[in-house]
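Colleague: Below is one structure. I have some questions about it.
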Amino acid sequence: MAKLPQQEIARVKALGFLRNRGQDTFSARVVSKNGVMTAEQLKHVAECAEKYGAGRTCFTSRLTVEIPGVSLDDVDNVRDFIAQAGLVVGGTGAKVRPLTSCKGTTCVYGNADTQRICAKLFDTFYTGWGNVTLPHKFKISVGGCPNSCMKPSLNDFGIEAHRVPVLDLEKCRGCKKCVVSDRCPMHAAGVVDGKLHIDSQKCADCGVCVELCPFGVMLPVETPVFAVYVGGTWGKHTRTGTRLSRYYTEEELEDLVAKTILWYRENGYKKERLGAAIDRLGVEALEAALASDDLLKRKDAILAADLLERPVCVNC
């Protein structure tokens, strides 16, 4: 078996083809916008695996589908075949990686249409910013509630939907068996002095209690808000994402992601994850930058600039 040139291995990896261990074949990483594929798209991926791969697929933790067993000669064939189903092969490199979303769109605990939000951010940042080179990989996750199924706090930019309870205490009858108190997963709700009380120190704003009270004490909350975590990583170097100091509306999310990426590109050293840059410079510096539109105004200049090299330690 001829040895594959390293430059070819690197070239196709950048296209989303990862070499299979001990073999001269590759796994094609098929990317979905939000972890959702139509039945026709799944059939198309399966057909591609039969035609160009090893006849099987592997699902990854980033909600991509890999087709192992692809030869170097079939790389372009796979890309073209997958494109016919409106899908792409990719998801590698120091750039925005494939986005992940939980099933909050259909989940009984979901506070927001996570798959729609994720697809929108995918179009803007994975597709639209696909040529933007960053200091390191940048992962985005969209979660629908504090159950944290998509682990937003372990992503570079994690979004988590909440519904903040609103009470009309004039309707409260001080029931001895309070359905809100019984159902609260955080044990934050209870009847105190004849009225429902929610301990803000315990409440996670998970939305479970909203509209539970048969007497209408818990008012409807149709519009979710979003907690945002920045700088999370998982693996050899683990860092829990730093939660920003306030909730954000859905309308603010796109600009917030853009500002975070621009701040990272301007301040991060090559091969430095966002979390390490935040620890080095302080989350206060990041939040101050996110509070203004200066980064957006300088977007073109930031994206055109060279990435920062890590300073050489003269005392080492």
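Ordering of the structure tokens sets the chain letters (A, B, ...); residue numbers start at 1 within each chain; ligands are numbered from 1 in the order shown.
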If you take only C-alpha atoms and a cut-off of 12 Å, which residues of stretch 214-238 of chain A touch stretch 278-281 of chain A, and what are their nearest atom pairs and distances in Å to one decimal, in chain and number order, as CSV?
Modeller:
residue,atom,partner,partner_atom,distance
A:Tyr229,CA,A:Ile278,CA,11.8
A:Val230,CA,A:Ile278,CA,8.6
A:Gly231,CA,A:Ile278,CA,7.0
A:Gly232,CA,A:Ile278,CA,10.3
Colleague: Would you export the selected residues with N, CA and C atoms as a PDB file, in the first residue's frame, please?
Modeller:
ATOM      1  N   TYR A 229     -22.768  31.477  28.240  1.00  0.00           N
ATOM      2  CA  TYR A 229     -21.496  31.043  28.820  1.00  0.00           C
ATOM      3  C   TYR A 229     -20.400  31.236  27.776  1.00  0.00           C
ATOM      4  N   VAL A 230     -19.249  31.729  28.214  1.00  0.00           N
ATOM      5  CA  VAL A 230     -18.129  31.942  27.292  1.00  0.00           C
ATOM      6  C   VAL A 230     -16.888  31.244  27.815  1.00  0.00           C
ATOM      7  N   GLY A 231     -16.121  30.704  26.887  1.00  0.00           N
ATOM      8  CA  GLY A 231     -14.821  30.147  27.243  1.00  0.00           C
ATOM      9  C   GLY A 231     -14.828  28.741  27.803  1.00  0.00           C
ATOM     10  N   GLY A 232     -15.905  27.993  27.605  1.00  0.00           N
ATOM     11  CA  GLY A 232     -15.932  26.630  28.111  1.00  0.00           C
ATOM     12  C   GLY A 232     -15.122  25.687  27.227  1.00  0.00           C
TER      13      GLY A 232
END
Colleague: Can I get the residues of stretch 58-91 of chain A within 9 Å of stretch 96-119 of chain A, each with the closest pair of atoms and their distance in Å to one decimal, using only C-alpha atoms, sorted chain first then ascending number, as JSON lines?
Modeller:
{"residue": "A:Ser61", "atom": "CA", "partner": "A:Thr100", "partner_atom": "CA", "distance": 8.9}
{"residue": "A:Arg62", "atom": "CA", "partner": "A:Thr100", "partner_atom": "CA", "distance": 6.0}
{"residue": "A:Leu63", "atom": "CA", "partner": "A:Thr100", "partner_atom": "CA", "distance": 6.3}
{"residue": "A:Thr64", "atom": "CA", "partner": "A:Pro98", "partner_atom": "CA", "distance": 7.7}
{"residue": "A:Gly90", "atom": "CA", "partner": "A:Pro98", "partner_atom": "CA", "distance": 8.3}
{"residue": "A:Gly91", "atom": "CA", "partner": "A:Arg97", "partner_atom": "CA", "distance": 5.3}
Colleague: Would you save the residues of that selection, restricted to C-alpha atoms, as a PDB file, in the first residue's frame?
Modeller:
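New file out.pdb:
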ATOM      1  CA  SER A  61     -20.845  14.225  19.736  1.00  0.00           C
ATOM      2  CA  ARG A  62     -21.051  17.421  17.661  1.00  0.00           C
ATOM      3  CA  LEU A  63     -24.139  16.088  15.824  1.00  0.00           C
ATOM      4  CA  THR A  64     -22.284  15.409  12.608  1.00  0.00           C
ATOM      5  CA  GLY A  90     -16.406  20.010   6.814  1.00  0.00           C
ATOM      6  CA  GLY A  91     -16.171  20.894  10.472  1.00  0.00           C
TER       7      GLY A  91
END
Colleague: Could you state the separation of atom CA of A:Val75 and atom CA of A:Arg19 in Å, given to one decimal place?
Modeller: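 So the two atoms, atom CA of A:Val75 and atom CA of A:Arg19, lie 11.6 Å apart.
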Colleague: Can you tell me, as a PyMOL selection string, what residues are no more than 12 Å from stretch 120-126 of chain A when counting only C-alpha atoms, ignoring any on the same chain fewer than 6 positions away?
Modeller: chain A and resi 31-35+88+90-101+113-114+132-133+137-142+157+159+250-262
Colleague: Write out the residues from the selection above, keeping C-alpha atoms, as a tab-separated table (two decimals), in the first residue's frame.
Modeller:
chain	number	residue	atom	x	y	z
A	31	VAL	CA	-22.41	18.60	8.82
A	32	SER	CA	-26.03	19.44	9.62
A	33	LYS	CA	-27.14	22.92	10.60
A	34	ASN	CA	-28.53	21.96	13.98
A	35	GLY	CA	-28.45	18.20	14.38
A	88	VAL	CA	-21.76	19.92	3.39
A	90	GLY	CA	-16.41	20.01	6.81
A	91	GLY	CA	-16.17	20.89	10.47
A	92	THR	CA	-12.42	21.00	11.11
A	93	GLY	CA	-9.78	23.67	11.63
A	94	ALA	CA	-9.20	26.82	13.66
A	95	LYS	CA	-12.56	28.38	12.86
A	96	VAL	CA	-16.21	28.23	13.89
A	97	ARG	CA	-17.02	24.54	14.22
A	98	PRO	CA	-20.40	22.85	13.53
A	99	LEU	CA	-23.04	24.16	15.90
A	100	THR	CA	-25.00	21.90	18.23
A	101	SER	CA	-28.55	22.20	19.49
A	113	ASP	CA	-37.02	26.90	19.53
A	114	THR	CA	-33.40	25.81	19.84
A	132	VAL	CA	-12.41	33.41	9.03
A	133	THR	CA	-9.34	31.90	10.65
A	137	LYS	CA	-11.47	26.11	17.24
A	138	PHE	CA	-14.65	27.91	18.32
A	139	LYS	CA	-17.65	25.82	19.38
A	140	ILE	CA	-21.20	27.14	19.76
A	141	SER	CA	-24.04	25.30	21.48
A	142	VAL	CA	-27.73	26.14	21.92
A	157	PHE	CA	-20.04	30.16	23.35
A	159	ILE	CA	-26.56	29.62	24.92
A	250	GLU	CA	-32.94	36.30	21.17
A	251	GLU	CA	-32.53	39.47	19.11
A	252	GLU	CA	-29.22	40.19	20.87
A	253	LEU	CA	-27.65	36.78	20.35
A	254	GLU	CA	-26.29	37.17	16.82
A	255	ASP	CA	-24.43	40.39	17.56
A	256	LEU	CA	-23.20	38.92	20.83
A	257	VAL	CA	-21.67	35.91	19.05
A	258	ALA	CA	-20.10	38.21	16.46
A	259	LYS	CA	-18.58	40.47	19.12
A	260	THR	CA	-17.22	37.49	21.04
A	261	ILE	CA	-15.56	36.03	17.95
A	262	LEU	CA	-14.10	39.42	17.01
Colleague: How would you write, as a PyMOL selection string, the set of residues in stretch 18-251 of chain A that DSSP gives as strand (DSSP E or B)?
Modeller: chain A and resi 18-19+25-31+58-59+65-71+88-89+96+100-101+138+140-143+157-163+167+189-192+195-198+206+218+225-230+233+239+242-243+248
Colleague: Calculate how many Å separate atom CA of A:Cys184 from atom CA of A:Ser148, rounding to one decimal.
Modeller: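 Answer for the atom CA of A:Cys184 to atom CA of A:Ser148 separation: 16.9 Å.
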